[in-house]
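Everything below concerns the one structure shown next.
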Amino acid sequence: MTGGVTHGALLRTYLGPQRASVVVMAVLLLCSIALEIAEPRIAAFFIESVQLGRAESTLVGISLVFLAVAAFRQLAKVIAAYASERVSWTATNAAREDLAAHVLSLDLGFHESRSPGELIERIDGDVNQVAEFFSSLIVHLIGNAVLVLGILGALTFVDWRIGLTFAAITLLGYFFLAQVAGVATVKWEADREQSAKFFGYVSESMRATEDLKSSNATEYALSRFHKHLRSWLPVKVRAEGWGSAIWVVLSLVFTAGSAFAFGYGGFFYQNGTVSLSGVFLIIAYATMLNTPMEVLRHQVQALQQASAAIRRMAELFGHKPTILDGTRTLQKGALSVRFDHVTFSYQDKKILDELTFEVPAGTSFGLVGRTGAGKSTIAHLMFRMYDPVQGRVLLGEVDTRDATLSSLRSQVGFVTQDVQVFDATLRENLTFFDRSVDDSLLLSVLDTLELRPWLDGLPDGLSSRISPSSLSAGQAQLLALARVFLKDPGLVILDEPSSKLDLVTEAMVERALDRMLAGRTSIIIAHRLDTILRTDHTLVLSQGAVVEHGVTADLLADPDSHLSELYRVGRVLQ
Amino acid sequence: MKNDSVPPTLTFLWRLITYSPWRYLAAAGGWALFHLWPLLPGVLGKLLFDVLEGRAAPGITVWTLVAIVVAAGLARCAAIIGATVAWAGWYLRARGLVQRNLLARVFRLPGAQAMPTNVGESISTVRDDSDAIALMGGWGFDMMSGLIFAGGGMIILLSVDVKITLIVMVPLAIVLGLAQFARARAYRIREQSRDATAKVTGTIGEIVVAVRAIKAANKEKEVVERLRADNRVRKTAMIRDKVQSLAIDSVFNSTASLGAGLTLLVAAGQMRGGDFTIGDFVLFSTYLMQVADYTAFMGFLVRTYQQSGVSFVRAAALLQGAPPMTLVDHHPLHLRHDPPPPAPYPDVEPLRELEVRSLTHVFPGSGGIRDVSMTLRRGTVTVVTGEVGSGKTTLLRSVLGLYAAQDGEVRWNGSRVDPGDFMIPPRVAYTPQNPALLSGSIRENILLGLPEDGLERAVQMAVLGPDVERLDDGLDTEIGVRGVRLSGGQVQRTAAARMFARKPSLLVMDDLSSALDVTTEQELWRRIFATDATCLAVSHRPAVLERADQVLLLKQGRVIAAGPLAELLETSADMRMHYRLPRE
C-alpha cells in the first residue's frame, strides 16, 4: 500500500472483494427508504378520504396498506444492517491484519520510539473506529443522505417554493456542518492522541508492578497517572465541545425547517393554495427531515473520529521499512561471515567505525567487549535489523542487502538476552504459530535439549499452555535454544547464551550447544570468558573498533593480550 | 453468568455520580431539556391544525406558533452546549476515578501476581470497561428524561383519547416483556464478544512487544495468521452480539410503527364522525414516531445497563478480592494542581535480624517453594543458588511479598510482618532479574519520586557513571519505551541504582550481574561488599558464593543444603556438582 491511504483507497481495498454483499445491502436500503417516503403519502391519502367522506371499509383498507408498508420497511432495514455488519467486520479484520503485518515489517528504529500501548491503540483502537466507518457510516450516512433527497423531492411535489426553501436550509445547514466538522476533526485527533499517550503510560506501569511495588514507588506511579489525566482533561472538553457545535447547527436547521413548514402551511392554506392534507404532508415531511438529520449528526460525529483514525492509519501505512528485500537466496549449510569496512550510526552516534573482520564457514567466533562496545549491533547487522551506513556485511559472500529476508532470517539463528514467551501453547511458542511444523520434530529437539522430563511433567504435553509468568528465566532460555534448533540455521549468533542459568542447566545448555554448533558457523557474544574457550577466534571490541583479533588460544597464551588481561580479571569472579 | 458478589449497577452509579454532582446535575439538566423537547412539535402541530380548522382558542395565530418554534429551538441549542461541556468534564472524572481505583488496587496487590490474566487483557479492562462504566452515568439521566418524556407524552395522549391510547400501548407492553425475556441471553453473548475482543487486543499486544523476536524467527506470516484466527472468533461473536441488538431494536421499532398504523385503523370511524380531528391525528402520529424512537432508545438503555454489568464484573475481577465498590471509591484526581509529592520515608528500625520460617508458595502446575526457612543477620551476605526452576526467584518474591505467601512467616527483628507492605524501601530494596523501566529519563527511573540527594551515590554504586557520561544528555537521557535505548546491562544497573537510591538496610538482588561484563560486574560486587548492607542475592558466581556468609541451595522448591560454601562443598554432593572450580 502506498503512502497516501485515502478514504477512497481504503474502500476499494477492503470493500472491493465484498461487492455482492454491498450491492444487496444497497438495494435493501433503497427499498426501505422508498417505503419510508411513501408512508406520509398514505396517511395524507387517508386524511383526504376522511374529508371526502369515503366509506369506512376504504379507510380500513388504507390503514392496512400503511401497516404492511411499515412492517416490510422494518424487515428490509434489519437485513441491510446485518449485511453491513458482516461487511464491516470482514473489512476491518483484514485492515487489522494488514496493519499488524505492516507494523511487523517496519524497522526496529520505528518500534524503539513507540510504546506497545500506543501501537495497540493504533492497530486495534483506531481500526475499531474505522469499523464504524465501514458499517454504520456507509449504511446510515449514504442511506440518510438519499432519504433527505427523497423528502426534498416530495416537498417540491407539494409546492416548488417549499422544496426550494427546504433545499436552501439543508444546503446551508450542511455548509456550516462541514465547517464545524473540520475543526472538530482536528480536536478529536488531539483527543485520540492524548488517549494513546495516557494508555501508553497505563500499560507501561501495569507491566512494571513488580518494580514499582518493590521500590515503594506506587504513589509516584499514581501521581504520574494523575498528571496524564490532567493534561487529557482540557483536550477532551474541547473535543466534546466542538462535537456538540455540530448538534447545534443541526438543531438550528431543524428549527428553521419547522418554522418555515408552519409558516408556509398556514399561509398557503389560508390562501387556498393547498388543502389540509397538503398541510399535513408539509408538516410530516418537515418532521421526517428531523430523523435522518439526527442520525446524520451521530454519523458525522463518528465520521470525524473515523477520519482521524484513518489519517493515523494512513500515517502508519506511510512509514516505510528501510530494510528492503533482496533477491538472492543464501546457500544452505554453514555460512562464512565478512564485515567489510562497516560503519554504523544510530541517532547521530557512531556505534561501529570501519569495522572489518572475517569468520570462515563452520568456525566459532567470540565477541568480547564492554557494554555498549557495539556487540549487539554487530549481531543486529547480520540479521538485517539494521543496515550499515557504510561498508558491507557479507554472509556466504552475499551482501546481506542482496539476500532475501526470508532466506537470511531462516539461515541465521539468534538467541537474544531476553526471550519472548507468548501466552499460548508450548507448541505455538516453539514454532511461532507455524502449524506446518511436525510434532515429531519438536519432540526430537526437546530430546536433544534434554527437556523431555520437563515436557512429561506438563499436563497436556506440547499443547500445554505456557505464559511468560509460568516459565523461569532458565526455561525461557532453553525455549529460545529450541526455537533456533528448529530453524536449523547455517549461522548461529548467541548473545550471552548462559547468562541466566544455574550451573546444572548451564551444563545442559553446553552439551546442547556442542551438538548445535557442530557443522555451523557461530558467533558468540560473551561476557563470561569461560564461554570464549569454545571459540576458534576472538575479537575484542571497544567503542565500535577492533582492539584485538586473533586465534583464541594464541591470545590467551600471550600474557600481554587484552583477552588474557580480561581473563585474569575474570578469574577473580569465575 | 452473573457474579453475585457484584452489587447492582445502580449502587455503583450513585457513587460515581456523587463524585462530581454539580457537573452531573448540569449535564443532566441540559440533556433532560434536550430529550423533552420532542414533546413540543406534536403539540404545536395539533395547535396548527386547530387554528386552521378554527378550533383553537382566540388570539393564537399561525405566527404565534412560529415564534414558539423559534424560541424553543434556540433554548435547545443553549442546552446542548452547556450539557456537553458539563458532561465531558464529568465523564473524564468518572472514568479517571475508576481507572485510578483499578490501578491503585493493582499496585496494592503482590507485585508479581497483580494481574489475574495477561497484561494485555487487563489493560483492555482498564481502557474499555472503565469507559462502559463511566458512560453509564449518561445512562442515568437519559433513563430519567426518557421516563419523564414517556409519562408526559402518555398524559397528553390520554387527554385526547383514552381508548386509542390504550390500544396502542398494549403492543408496547408486550415488547417490553420480550426485551426482559432476551435479557439473560444478551448478557452471555455480550460476555463472549468482550472476551473475544480482549483476546484480539492481547494478541496484538504480544505481537508489538515481540517484534524483534518475530522478525528474527522469520515468522511474521504465521503470527499474523494467529491474529487472523482470533479475529475470526471475534467477528462471529461481534456479529452475533450486533444481530441480537438489531433484532431487539427492530422489535421495538416495528411494534411502535405498527402502533401508528393501528391508530389509523382504530380511529377511522371516529374521524369520519369528527370526534377525532386531524389535529389529534397529527399529535398521535408525531408522538408515535417519537415514541417509536424512544421505545427503541429505552430498549437501548436497558441493554446498555445489562452490558455495563459485564464491564463491572470484569473490572471487579481485576480487583482480585477487594470489595467491588472499591472501583468507585472517592479519591482526589488532582486535576487542577500537581498531586502532592509522596511522603518522605519514615524513620524505621534498622535490620538486626530477618527470619523466614516455613515459607511456602506453590503454583497450580508445578514449581514454587515449600517450607523454606532462613535467618539473615545484619551485615551478612546470603546467596541463594540452585538449578533452573528450583524456585530461587519465587523465594525472593515471597520474602518480599511480591507473591502472597501461602504458608509460613517473615519476622523482622523478631516481630512478624506482612511482607507486601513492610519489605519495601526504606527497609528493603530489590533489583529484579528482568527490570521493567518506565518511559522517561534515567534520572526519573532511578528516583521514582525520591528527592535528588541520594542520586549521585546511587549512580556511583551501580557503576553507571561511565555510561551516563557517554550519553548526550547524561542522566536526563530519555530511555525510550521499557528502556529500549539502553543496553541490557544498562537497564540492569539503572535498576540497581534505583535500589541503592532507596538506602535500604537490606539489599535483595535476583541475578543482578547476569547481563554485565566481567569488569563492570566485579566492580559492582566490590562496591556492594564495601558497604555494611545486608544482602540477599540469587547468584551462581563462584566468587559471590565464596564471599557469602551462608549459601542456600534450592532444589525443587526446597532448601537441600545451607551454610558457608566450604562446608557445603564437603557435605553436599549437589553443591559439588553445582560449583565449578575456576578453570586453570
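Each chain of the C-alpha cells is named A, B, ... in the order shown, its residues numbered from 1; ligands are numbered from 1 in display order.
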
I want to know what sits within 9 Å of B:Leu10, based on only C-alpha atoms, with residues of the same chain fewer than 4 positions away left out; could you give that as a PyMOL selection string? chain B and resi 14-15+140

I need the chosen residues saved as a short mmCIF file (atom, residue, chain, number, x, y, z; two decimals), in the first residue's frame, with N, CA and C atoms.
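Output contents, as saved in part_24.cif:
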```cif
data_model
loop_
_atom_site.label_atom_id
_atom_site.label_comp_id
_atom_site.auth_asym_id
_atom_site.auth_seq_id
_atom_site.Cartn_x
_atom_site.Cartn_y
_atom_site.Cartn_z
N TRP B 14 -24.57 5.48 41.56
CA TRP B 14 -24.83 6.55 42.52
C TRP B 14 -23.51 7.06 43.10
N ARG B 15 -22.63 6.12 43.45
CA ARG B 15 -21.32 6.54 43.99
C ARG B 15 -20.55 7.35 42.96
N GLY B 140 -27.96 7.24 33.29
CA GLY B 140 -28.81 7.69 34.38
C GLY B 140 -29.78 8.78 33.96
#
```

Could you name the residues that touch stretch 314-331 of chain A at 9 Å or less, counting only C-alpha atoms, but leaving out those on the same chain fewer than 4 positions away, as a PyMOL selection string? chain A and resi 1-6+99+102-103+105-107+110+122+309-310+335+384-387+395-396+398+400-408+411+490

Excluding same-chain residues fewer than 5 positions from stretch 206-209 of chain A, what lies within 7 Å of it counting only C-alpha atoms, as a list in words? Phe107, Gly111, Ala112, Val119, Ala436 and Leu437 of chain B

The selected residues should be written to file as an mmCIF file, in the first residue's frame (atoms: N, CA and C atoms).
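Contents of out_27.cif, freshly written:
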```cif
data_model
loop_
_atom_site.group_PDB
_atom_site.id
_atom_site.type_symbol
_atom_site.label_atom_id
_atom_site.label_comp_id
_atom_site.auth_asym_id
_atom_site.auth_seq_id
_atom_site.Cartn_x
_atom_site.Cartn_y
_atom_site.Cartn_z
ATOM 1 N N PHE B 107 -1.740 -1.897 42.135
ATOM 2 C CA PHE B 107 -0.481 -1.560 42.809
ATOM 3 C C PHE B 107 -0.443 -2.054 44.244
ATOM 4 N N GLY B 111 3.189 -7.618 43.975
ATOM 5 C CA GLY B 111 3.666 -7.079 42.711
ATOM 6 C C GLY B 111 3.853 -8.054 41.570
ATOM 7 N N ALA B 112 4.192 -9.297 41.877
ATOM 8 C CA ALA B 112 4.478 -10.229 40.792
ATOM 9 C C ALA B 112 3.251 -11.040 40.401
ATOM 10 N N VAL B 119 -1.369 -9.230 30.733
ATOM 11 C CA VAL B 119 -1.387 -7.786 30.920
ATOM 12 C C VAL B 119 -2.249 -7.111 29.859
ATOM 13 N N ALA B 436 11.747 -3.767 34.837
ATOM 14 C CA ALA B 436 10.869 -3.033 33.921
ATOM 15 C C ALA B 436 11.018 -1.551 34.233
ATOM 16 N N LEU B 437 11.449 -0.785 33.232
ATOM 17 C CA LEU B 437 11.590 0.660 33.433
ATOM 18 C C LEU B 437 10.425 1.369 32.753
#
```

Just want the 8 Å neighbourhood of stretch 364-368 of chain B, counted on only C-alpha atoms, with same-chain residues fewer than 4 positions away dropped. Output as a ChimeraX atom specification. /A:458-459 /B:360,389-391,394-395,556-557

For the selection just defined, write its residues with C-alpha atoms to a file, as a CSV table (one decimal), in the first residue's frame.
```
chain,number,residue,atom,x,y,z
A,458,LEU,CA,3.4,-30.7,31.7
A,459,PRO,CA,-0.3,-31.5,31.9
B,360,THR,CA,5.6,-21.7,51.0
B,389,GLY,CA,13.1,-23.8,38.0
B,390,SER,CA,14.3,-24.6,41.6
B,391,GLY,CA,12.4,-21.7,43.0
B,394,THR,CA,9.9,-17.4,43.8
B,395,LEU,CA,11.8,-17.4,47.2
B,556,GLN,CA,12.6,-28.4,43.5
B,557,GLY,CA,11.5,-25.6,45.8
```

Contact residues around A:Phe262 with only C-alpha atoms at 12 Å, ignoring same-chain residues under 5 positions, as a VMD selection string: (chain A and resid 162 255 to 257 267 to 269 279 to 287) or (chain B and resid 41 44 to 49 51 to 52 61 to 70)

Selection above as a file: N, CA and C atoms, as a short mmCIF file (atom, residue, chain, number, x, y, z; two decimals), in the first residue's frame:
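What ended up in part_11.cif:
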```
data_model
loop_
_atom_site.label_atom_id
_atom_site.label_comp_id
_atom_site.auth_asym_id
_atom_site.auth_seq_id
_atom_site.Cartn_x
_atom_site.Cartn_y
_atom_site.Cartn_z
N ILE A 162 -41.70 25.61 -1.48
CA ILE A 162 -41.38 24.91 -0.23
C ILE A 162 -40.15 24.03 -0.44
N THR A 255 -34.98 23.82 13.50
CA THR A 255 -35.83 24.90 13.97
C THR A 255 -36.31 25.75 12.78
N ALA A 256 -35.35 26.09 11.92
CA ALA A 256 -35.71 26.88 10.74
C ALA A 256 -36.71 26.11 9.90
N GLY A 257 -36.46 24.79 9.71
CA GLY A 257 -37.36 23.96 8.91
C GLY A 257 -38.78 23.97 9.47
N PHE A 267 -49.94 29.83 5.74
CA PHE A 267 -50.11 30.87 4.73
C PHE A 267 -50.81 30.31 3.48
N PHE A 268 -50.30 29.17 2.97
CA PHE A 268 -50.86 28.60 1.74
C PHE A 268 -52.30 28.09 1.95
N TYR A 269 -52.56 27.55 3.16
CA TYR A 269 -53.91 27.05 3.43
C TYR A 269 -54.89 28.22 3.44
N VAL A 279 -51.20 20.42 3.90
CA VAL A 279 -50.50 20.95 5.09
C VAL A 279 -49.94 19.79 5.92
N PHE A 280 -50.75 18.72 6.04
CA PHE A 280 -50.29 17.55 6.79
C PHE A 280 -48.99 17.01 6.18
N LEU A 281 -48.97 16.93 4.85
CA LEU A 281 -47.77 16.41 4.19
C LEU A 281 -46.55 17.29 4.48
N ILE A 282 -46.74 18.62 4.39
CA ILE A 282 -45.62 19.54 4.64
C ILE A 282 -45.07 19.32 6.05
N ILE A 283 -45.98 19.30 7.03
CA ILE A 283 -45.56 19.12 8.43
C ILE A 283 -44.89 17.76 8.60
N ALA A 284 -45.52 16.73 8.03
CA ALA A 284 -44.99 15.37 8.20
C ALA A 284 -43.58 15.24 7.62
N TYR A 285 -43.39 15.79 6.41
CA TYR A 285 -42.06 15.69 5.81
C TYR A 285 -41.04 16.55 6.54
N ALA A 286 -41.45 17.73 6.98
CA ALA A 286 -40.53 18.57 7.74
C ALA A 286 -40.10 17.85 9.01
N THR A 287 -41.06 17.17 9.67
CA THR A 287 -40.72 16.40 10.88
C THR A 287 -39.82 15.23 10.51
N PRO B 41 -43.12 19.56 19.25
CA PRO B 41 -43.62 19.62 17.87
C PRO B 41 -45.01 19.00 17.72
N LEU B 44 -47.52 21.46 19.03
CA LEU B 44 -47.61 22.61 18.13
C LEU B 44 -48.30 22.22 16.83
N GLY B 45 -48.02 20.99 16.34
CA GLY B 45 -48.66 20.51 15.11
C GLY B 45 -50.17 20.45 15.28
N LYS B 46 -50.61 19.91 16.43
CA LYS B 46 -52.06 19.83 16.70
C LYS B 46 -52.65 21.24 16.73
N LEU B 47 -51.95 22.16 17.41
CA LEU B 47 -52.43 23.53 17.52
C LEU B 47 -52.58 24.16 16.14
N LEU B 48 -51.60 23.88 15.27
CA LEU B 48 -51.64 24.46 13.92
C LEU B 48 -52.94 24.06 13.21
N PHE B 49 -53.25 22.75 13.26
CA PHE B 49 -54.46 22.29 12.57
C PHE B 49 -55.72 22.81 13.24
N VAL B 51 -55.90 25.71 14.68
CA VAL B 51 -56.00 27.08 14.21
C VAL B 51 -56.61 27.10 12.80
N LEU B 52 -56.06 26.22 11.93
CA LEU B 52 -56.52 26.23 10.54
C LEU B 52 -57.99 25.83 10.43
N THR B 61 -52.45 32.61 16.64
CA THR B 61 -52.41 32.59 15.18
C THR B 61 -51.27 31.71 14.72
N VAL B 62 -51.17 31.52 13.43
CA VAL B 62 -50.06 30.75 12.86
C VAL B 62 -48.73 31.35 13.30
N TRP B 63 -48.69 32.69 13.36
CA TRP B 63 -47.42 33.36 13.65
C TRP B 63 -47.01 33.23 15.12
N THR B 64 -48.00 33.11 16.03
CA THR B 64 -47.67 32.81 17.44
C THR B 64 -46.89 31.49 17.49
N LEU B 65 -47.42 30.50 16.75
CA LEU B 65 -46.81 29.17 16.77
C LEU B 65 -45.38 29.21 16.20
N VAL B 66 -45.21 29.98 15.11
CA VAL B 66 -43.88 30.09 14.52
C VAL B 66 -42.90 30.69 15.53
N ALA B 67 -43.35 31.71 16.28
CA ALA B 67 -42.48 32.34 17.28
C ALA B 67 -42.08 31.34 18.36
N ILE B 68 -43.03 30.50 18.79
CA ILE B 68 -42.72 29.49 19.83
C ILE B 68 -41.68 28.50 19.28
N VAL B 69 -41.86 28.08 18.03
CA VAL B 69 -40.90 27.14 17.42
C VAL B 69 -39.49 27.71 17.48
N VAL B 70 -39.34 28.97 17.08
CA VAL B 70 -38.00 29.59 17.04
C VAL B 70 -37.42 29.70 18.45
#
```

Quick one: residues within 12 Å of A:Tyr201, only C-alpha atoms counted, chain neighbours fewer than 2 positions away excluded, as number ranges by chain? A: 114-118, 194-199, 203-208, 221-229; B: 103, 123, 126-127, 437-440, 481-482

Distance query B:Ile278 at most 10 Å, only C-alpha atoms, self and fewer than 2 positions along chain excluded, as a VMD selection string: (chain A and resid 47 50 to 51 276 to 277 280) or (chain B and resid 45 to 46 49 to 50 53 271 274 to 276 280 to 284)

What does the file look like for those residues with N, CA and C atoms, as a short mmCIF file (atom, residue, chain, number, x, y, z; two decimals), in the first residue's frame?
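Output (out_25.cif):
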```cif
data_model
loop_
_atom_site.label_atom_id
_atom_site.label_comp_id
_atom_site.auth_asym_id
_atom_site.auth_seq_id
_atom_site.Cartn_x
_atom_site.Cartn_y
_atom_site.Cartn_z
N ILE A 47 -56.35 11.01 5.19
CA ILE A 47 -57.00 12.25 5.64
C ILE A 47 -57.94 12.79 4.56
N VAL A 50 -60.98 10.80 4.47
CA VAL A 50 -61.88 11.17 5.59
C VAL A 50 -62.66 12.41 5.20
N GLN A 51 -61.94 13.39 4.66
CA GLN A 51 -62.60 14.66 4.35
C GLN A 51 -63.60 14.52 3.22
N LEU A 276 -55.97 20.76 3.49
CA LEU A 276 -55.50 20.35 4.82
C LEU A 276 -54.55 19.16 4.72
N SER A 277 -54.84 18.23 3.81
CA SER A 277 -53.95 17.07 3.70
C SER A 277 -52.59 17.50 3.15
N PHE A 280 -50.75 18.72 6.04
CA PHE A 280 -50.29 17.55 6.79
C PHE A 280 -48.99 17.01 6.18
N GLY B 45 -48.02 20.99 16.34
CA GLY B 45 -48.66 20.51 15.11
C GLY B 45 -50.17 20.45 15.28
N LYS B 46 -50.61 19.91 16.43
CA LYS B 46 -52.06 19.83 16.70
C LYS B 46 -52.65 21.24 16.73
N PHE B 49 -53.25 22.75 13.26
CA PHE B 49 -54.46 22.29 12.57
C PHE B 49 -55.72 22.81 13.24
N ASP B 50 -55.65 22.93 14.59
CA ASP B 50 -56.79 23.51 15.30
C ASP B 50 -57.01 24.95 14.84
N GLU B 53 -58.42 24.88 11.29
CA GLU B 53 -59.82 24.44 11.24
C GLU B 53 -60.73 25.35 12.07
N MET B 271 -62.91 9.39 13.09
CA MET B 271 -62.52 10.52 12.27
C MET B 271 -63.64 10.89 11.29
N GLY B 274 -65.91 12.92 13.13
CA GLY B 274 -65.40 14.23 13.56
C GLY B 274 -65.07 14.28 15.04
N ASP B 275 -65.13 13.12 15.77
CA ASP B 275 -64.76 13.11 17.19
C ASP B 275 -63.24 13.19 17.33
N PHE B 276 -62.56 12.72 16.31
CA PHE B 276 -61.09 12.67 16.35
C PHE B 276 -60.64 13.56 15.20
N ASP B 280 -55.71 16.07 16.14
CA ASP B 280 -55.48 14.94 17.06
C ASP B 280 -54.63 13.87 16.38
N PHE B 281 -54.97 13.60 15.12
CA PHE B 281 -54.20 12.58 14.41
C PHE B 281 -52.74 13.01 14.23
N VAL B 282 -52.53 14.29 13.93
CA VAL B 282 -51.16 14.80 13.79
C VAL B 282 -50.40 14.61 15.11
N LEU B 283 -51.08 14.95 16.21
CA LEU B 283 -50.45 14.77 17.52
C LEU B 283 -50.08 13.30 17.73
N PHE B 284 -51.05 12.40 17.47
CA PHE B 284 -50.80 10.98 17.65
C PHE B 284 -49.66 10.49 16.76
#
```

In Å to one decimal, how far is atom CA of A:Arg483 from atom CA of A:His380?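 Taking atom CA of A:His380 as the start and atom CA of A:Arg483 as the end point, the length is 17.9 Å.
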
From a DSSP pass on the backbone, collect the residues of stretch 322-541 of chain B flagged as helix (DSSP H, G or I) and hand them back as a VMD selection string. chain B and resid 324 to 328 392 to 400 419 to 422 442 to 447 452 to 461 465 to 470 474 to 476 481 to 483 488 to 501 518 to 530

Two-atom distance - atom CA of B:Val266, atom CA of B:Thr165 (Å): 10.2 Å

A:Thr58, A:Ser463, A:Thr218, A:Ser84 ranked by distance to chain B, top pick (using only C-alpha atoms):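 So, comparing all the options, the nearest one is A:Thr218.
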
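A straight line drawn from atom CA of B:Asp195 to atom CA of B:Arg232 is 13.0 Å long.
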